[in-house]
$ cat input.pdb   # PDB, C-alpha atoms
MODEL        1
ATOM      1  CA  MET O 344      77.664  91.194  46.400
ATOM      2  CA  ALA O 345      80.726  91.892  44.245
ATOM      3  CA  ALA O 346      82.093  89.267  41.909
ATOM      4  CA  ALA O 347      85.249  87.488  43.002
ATOM      5  CA  LYS O 348      88.418  88.828  41.421
ATOM      6  CA  SER O 349      90.473  86.587  39.207
ATOM      7  CA  GLY O 350      93.791  85.478  40.592
ATOM      8  CA  LYS O 351      97.211  86.558  39.527
ATOM      9  CA  ALA O 352      99.206  84.543  37.044
ATOM     10  CA  THR O 353     102.977  84.459  36.673
ATOM     11  CA  ILE O 354     104.991  83.529  33.620
ATOM     12  CA  LYS O 355     108.474  82.333  34.485
ATOM     13  CA  GLY O 356     111.415  84.242  33.099
ATOM     14  CA  GLY O 357     114.225  82.385  31.439
ATOM     15  CA  ASN O 358     117.736  83.201  30.275
ATOM     16  CA  GLY O 359     118.075  86.279  32.472
ATOM     17  CA  LYS O 360     114.519  87.550  31.935
ATOM     18  CA  LYS O 361     112.332  88.612  34.843
ATOM     19  CA  PRO O 362     109.116  86.711  35.583
ATOM     20  CA  VAL O 363     105.948  88.540  34.495
ATOM     21  CA  THR O 364     102.955  88.742  36.832
ATOM     22  CA  PHE O 365      99.535  89.861  35.604
ATOM     23  CA  GLN O 366      95.896  89.804  36.678
ATOM     24  CA  LYS O 367      93.863  87.095  34.952
ATOM     25  CA  GLY O 368      90.876  88.620  33.155
ATOM     26  CA  GLY O 369      92.216  92.147  33.584
ATOM     27  CA  LEU O 370      91.869  93.078  29.913
ATOM     28  CA  HIS O 371      88.291  91.794  29.857
ATOM     29  CA  ARG O 372      87.449  93.998  32.849
ATOM     30  CA  SER O 373      89.215  97.028  31.341
ATOM     31  CA  LEU O 374      87.272  96.675  28.088
ATOM     32  CA  GLY O 375      83.929  95.722  29.655
ATOM     33  CA  VAL O 376      83.741  92.320  27.946
ATOM     34  CA  PRO O 377      82.275  89.414  29.957
ATOM     35  CA  ALA O 378      84.861  86.828  31.000
ATOM     36  CA  GLY O 379      83.511  83.933  28.932
ATOM     37  CA  GLN O 380      83.383  85.835  25.640
ATOM     38  CA  ASN O 381      86.088  86.610  23.093
ATOM     39  CA  ILE O 382      87.235  90.211  22.831
ATOM     40  CA  PRO O 383      86.155  91.650  19.450
ATOM     41  CA  ALA O 384      89.060  92.470  17.128
ATOM     42  CA  ALA O 385      87.996  96.127  16.782
ATOM     43  CA  LYS O 386      87.905  96.559  20.552
ATOM     44  CA  MET O 387      91.309  94.862  20.937
ATOM     45  CA  ALA O 388      92.803  97.151  18.272
ATOM     46  CA  ALA O 389      91.315 100.222  19.975
ATOM     47  CA  ALA O 390      92.790  99.113  23.297
ATOM     48  CA  ALA O 391      96.215  98.593  21.669
ATOM     49  CA  ARG O 392      96.017 102.175  20.314
ATOM     50  CA  GLY O 393      95.331 103.437  23.846
ATOM     51  CA  GLU O 394      91.698 104.481  23.409
ATOM     52  CA  TYR O 395      90.750 102.712  26.669
ATOM     53  CA  GLY O 396      93.603 104.215  28.685
ATOM     54  CA  PRO O 397      97.241 103.383  29.375
ATOM     55  CA  LYS O 398      96.522 100.313  31.507
ATOM     56  CA  ALA O 399      94.324  98.702  28.834
ATOM     57  CA  LYS O 400      96.948  99.594  26.217
ATOM     58  CA  ALA O 401      99.644  97.745  28.159
ATOM     59  CA  GLN O 402      97.328  94.773  28.741
ATOM     60  CA  ALA O 403      96.381  94.574  25.043
ATOM     61  CA  ASN O 404     100.003  94.762  23.922
ATOM     62  CA  MET O 405     100.929  91.982  26.331
ATOM     63  CA  ALA O 406      98.004  89.824  25.145
ATOM     64  CA  GLN O 407      98.876  90.355  21.478
ATOM     65  CA  GLY O 408     102.585  89.832  21.972
ATOM     66  CA  MET O 409     103.825  87.628  24.764
ATOM     67  CA  LEU O 410     100.671  85.633  25.531
ATOM     68  CA  ALA O 411      99.829  85.010  21.863
ATOM     69  CA  LYS O 412     103.380  83.831  21.194
ATOM     70  CA  GLY O 413     103.086  81.333  24.048
ATOM     71  CA  ARG O 414      99.802  79.974  22.658
ATOM     72  CA  LYS O 415     101.328  79.617  19.184
ATOM     73  CA  THR O 416     104.368  77.819  20.601
ATOM     74  CA  ALA O 417     102.191  75.406  22.574
ATOM     75  CA  ALA O 418      99.995  74.713  19.542
ATOM     76  CA  GLY O 419     103.068  74.069  17.407
ATOM     77  CA  ASN O 420     104.440  71.661  19.979
ATOM     78  CA  ARG O 421     101.146  69.740  20.033
ATOM     79  CA  ARG O 422     101.023  69.635  16.236
ATOM     80  CA  ASN O 423     104.602  68.378  15.906
ATOM     81  CA  GLY O 424     104.088  65.685  18.510
ATOM     82  CA  SER O 425     106.922  66.908  20.694
ATOM     83  CA  SER O 426     106.061  64.610  23.527
ATOM     84  CA  ARG O 427     109.052  63.180  25.292
ATOM     85  CA  SER O 428     107.522  59.747  25.818
ATOM     86  CA  GLY O 429     110.455  57.948  24.266
ATOM     87  CA  SER O 430     108.561  56.454  21.331
ATOM     88  CA  LYS O 431     110.510  55.997  18.105
TER      89      LYS O 431
ENDMDL
END

$ encode --input "input.pdb" --output "C-alpha cells"
Amino acid sequence: MAAAKSGKATIKGGNGKKPVTFQKGGLHRSLGVPAGQNIPAAKMAAAARGEYGPKAKAQANMAQGMLAKGRKTAAGNRRNGSSRSGSK
C-alpha cells in the first residue's frame, strides 16, 4: 500500500503578490529524506545547486528563501512579545 501524499499548502499573497501553493513534504520526497528528519545541510546545498534536478532546485530555493524568512519573522514576533492582547 502506498503512503498517503501530503496535502498542499498555500501562502497568501499580499500587496499585489500572488499566493504561492506548494506540496508539503515535496523537498523531502525529492531528496529521499524521511519526513520526520531534518534535511542535511550538504544535501540542501546540493539541491539548491540543481544536482537533484530542476524541481528539487526550485523547492530548495523556496525553502531557503521564502519559507525560512517566514519562520524568522514568526520567531522574531514571539521574541518581541508582539501579542495584541492590549496589555501595557

$ resolve_selection --input "input.pdb" --expression "the PyMOL selection byres ((chain O and resi 404) around 10)" --output "list of chain:residue names"
O:Met387, O:Ala388, O:Ala390, O:Ala391, O:Arg392, O:Gly393, O:Ala399, O:Lys400, O:Ala401, O:Gln402, O:Ala403, O:Met405, O:Ala406, O:Gln407, O:Gly408, O:Met409, O:Leu410, O:Ala411

$ closest_residue --input "input.pdb" --among "O:Lys386, O:Lys367, O:Lys398, O:Arg422" --to "Thr353 of chain O" --atoms "all atoms listed in the file"
O:Lys367

$ atom_distance --input "input.pdb" --atom1 "atom CA of His371 of chain O" --atom2 "atom CA of Arg414 of chain O"
18.0 Å

$ residues_around --input "input.pdb" --residues "Gln380 of chain O" --least-positions-apart "3" --cutoff "12 Å" --atoms "only C-alpha atoms" --output "PyMOL selection string"
chain O and resi 368+370-372+374-377+383

$ residues_near_point --input "input.pdb" --point "(100.3, 91.0, 35.6)" --cutoff "9 Å" --atoms "all atoms listed in the file" --output "VMD selection string"
chain O and resid 351 to 353 363 to 367 369 402

$ atom_distance --input "input.pdb" --atom1 "atom CA of Lys415 of chain O" --atom2 "atom CA of Gly350 of chain O"
23.4 Å

$ atom_distance --input "input.pdb" --atom1 "atom CA of Glu394 of chain O" --atom2 "atom CA of Ser373 of chain O"
11.2 Å

$ decode --input "input.pdb" --residues "segment 376-429 of chain O" --atoms "C-alpha atoms" --output "short mmCIF file (atom, residue, chain, number, x, y, z; two decimals), in the first residue's frame"
data_model
loop_
_atom_site.label_atom_id
_atom_site.label_comp_id
_atom_site.auth_asym_id
_atom_site.auth_seq_id
_atom_site.Cartn_x
_atom_site.Cartn_y
_atom_site.Cartn_z
CA VAL O 376 14.87 12.11 3.28
CA PRO O 377 12.21 10.67 5.63
CA ALA O 378 9.52 13.18 6.60
CA GLY O 379 10.35 13.37 10.31
CA GLN O 380 14.06 14.06 9.84
CA ASN O 381 15.93 17.28 9.10
CA ILE O 382 17.47 17.63 5.66
CA PRO O 383 21.29 17.60 5.96
CA ALA O 384 22.93 20.91 5.03
CA ALA O 385 25.12 19.28 2.35
CA LYS O 386 22.09 17.70 0.70
CA MET O 387 20.16 21.00 0.83
CA ALA O 388 23.10 22.84 -0.76
CA ALA O 389 23.37 20.20 -3.49
CA ALA O 390 19.65 20.53 -4.20
CA ALA O 391 19.97 24.34 -4.39
CA ARG O 392 22.78 23.89 -6.97
CA GLY O 393 20.47 21.68 -9.05
CA GLU O 394 22.21 18.34 -8.52
CA TYR O 395 18.85 16.65 -7.78
CA GLY O 396 17.08 18.15 -10.79
CA PRO O 397 15.21 21.35 -11.59
CA LYS O 398 12.19 20.58 -9.41
CA ALA O 399 14.32 19.94 -6.31
CA LYS O 400 16.32 23.09 -7.10
CA ALA O 401 13.15 25.20 -7.12
CA GLN O 402 11.91 23.54 -3.92
CA ALA O 403 15.24 24.11 -2.13
CA ASN O 404 15.39 27.75 -3.18
CA MET O 405 11.85 28.29 -1.93
CA ALA O 406 12.63 26.57 1.39
CA GLN O 407 15.81 28.61 1.89
CA GLY O 408 14.23 31.88 0.86
CA MET O 409 10.54 32.44 1.37
CA LEU O 410 9.77 29.74 3.95
CA ALA O 411 12.86 30.49 6.07
CA LYS O 412 12.03 34.19 6.07
CA GLY O 413 8.54 33.41 7.35
CA ARG O 414 9.95 31.26 10.17
CA LYS O 415 12.40 34.01 11.15
CA THR O 416 9.62 36.62 11.15
CA ALA O 417 7.39 34.44 13.33
CA ALA O 418 10.24 33.74 15.76
CA GLY O 419 11.03 37.45 15.97
CA ASN O 420 7.40 38.25 16.69
CA ARG O 421 7.32 35.68 19.50
CA ARG O 422 10.57 37.01 20.95
CA ASN O 423 9.41 40.63 20.90
CA GLY O 424 6.10 39.78 22.51
CA SER O 425 4.06 41.26 19.69
CA SER O 426 0.81 39.93 21.01
CA ARG O 427 -2.09 42.28 20.58
CA SER O 428 -3.69 41.45 23.92
CA GLY O 429 -3.88 45.07 24.99
#
